[in-house]
Amino acid sequence: MTRPLECCVQCGALTDRAGAGDGSLYLNDDGPYCEGCYYDTLITKYEEALVRIGHLGQVLTEALEMLDRAEKRHIAELVELARLRAGRSLAMLEGGL
Ligand SMILES: [Zn+2]
């Protein structure tokens with residue numbers, strides 16, 4: 001049996017895949033995509049989320065570096081305080097500030 005050819009819906013290149021059972025790349029109902037177009041489309045679609053995740057990663061890295069410098073005995077207390085503060089911020093948001 002010959003393997004069916006599958007072309008990218010975006011650029012028309014062969015996807016090197018052959019249908020849903022062969023790992024074809026879809027975004028919701030759109031596709032199939034070649035790998036390059038799939039990631040380009042994914043990045044475009046979720047660009048704002050990616051930017052925010054990037055910022056979050058940076059903030060988290062800085063916070064972990066600060067915790068690295070904190071005394072070991074204070075780390076659990078600091079994490080608990082951060083959790084309580086985050087809960088309070090969330091409650092303020094839910095209560096309309
Ligand atoms: Zn493509």
# chains A, B, ... in the order shown; residues from 1 in each chain; ligands from 1
$ closest_atom_pairs --of "chain A" --to "ligand 1" --cutoff "12 Å" --atoms "only C-alpha atoms and all ligand atoms" --output "CSV"
residue,atom,partner,partner_atom_place_in_ligand_line,distance
A:Glu6,CA,ligand 1,1 (Zn),10.8
A:Cys7,CA,ligand 1,1 (Zn),7.8
A:Cys8,CA,ligand 1,1 (Zn),4.6
A:Val9,CA,ligand 1,1 (Zn),6.6
A:Gln10,CA,ligand 1,1 (Zn),4.9
A:Cys11,CA,ligand 1,1 (Zn),4.1
A:Gly12,CA,ligand 1,1 (Zn),6.0
A:Ala13,CA,ligand 1,1 (Zn),5.6
A:Leu14,CA,ligand 1,1 (Zn),7.9
A:Thr15,CA,ligand 1,1 (Zn),7.4
A:Asp16,CA,ligand 1,1 (Zn),11.0
A:Ser24,CA,ligand 1,1 (Zn),12.0
A:Leu25,CA,ligand 1,1 (Zn),10.3
A:Tyr26,CA,ligand 1,1 (Zn),11.5
A:Gly31,CA,ligand 1,1 (Zn),9.4
A:Pro32,CA,ligand 1,1 (Zn),8.6
A:Tyr33,CA,ligand 1,1 (Zn),5.3
A:Cys34,CA,ligand 1,1 (Zn),4.2
A:Glu35,CA,ligand 1,1 (Zn),6.8
A:Gly36,CA,ligand 1,1 (Zn),5.9
A:Cys37,CA,ligand 1,1 (Zn),4.3
A:Tyr38,CA,ligand 1,1 (Zn),7.1
A:Tyr39,CA,ligand 1,1 (Zn),9.6
A:Asp40,CA,ligand 1,1 (Zn),9.1
A:Thr41,CA,ligand 1,1 (Zn),9.7
$ select_by_dssp --residues "chain A" --states "strand (DSSP E)" --output "compact mmCIF listing (two decimals) with N, CA and C atoms, in the first residue's frame"
# COMPACT_ATOMS: atom_id res chain seq x y z
N LEU A 25 -0.30 17.50 11.81
CA LEU A 25 -0.35 18.66 12.70
C LEU A 25 -1.56 19.53 12.38
N TYR A 26 -2.46 19.62 13.33
CA TYR A 26 -3.66 20.45 13.20
C TYR A 26 -3.74 21.43 14.36
N LEU A 27 -4.33 22.59 14.12
CA LEU A 27 -4.67 23.52 15.21
C LEU A 27 -6.18 23.61 15.19
N ASP A 30 -8.03 23.37 11.84
CA ASP A 30 -7.21 23.86 10.73
C ASP A 30 -5.99 22.98 10.53
N GLY A 31 -5.70 22.69 9.28
CA GLY A 31 -4.52 21.89 8.95
C GLY A 31 -4.82 21.01 7.77
N PRO A 32 -3.94 20.09 7.46
CA PRO A 32 -2.69 19.82 8.16
C PRO A 32 -1.62 20.87 7.85
N TYR A 33 -0.71 21.03 8.76
CA TYR A 33 0.41 21.96 8.59
C TYR A 33 1.72 21.19 8.51
$ atom_distance --atom1 "atom CA of A:Leu56" --atom2 "atom CA of A:Ala82"
15.0 Å
$ atom_distance --atom1 "atom CA of A:Leu81" --atom2 "atom CA of A:Leu64"
14.7 Å
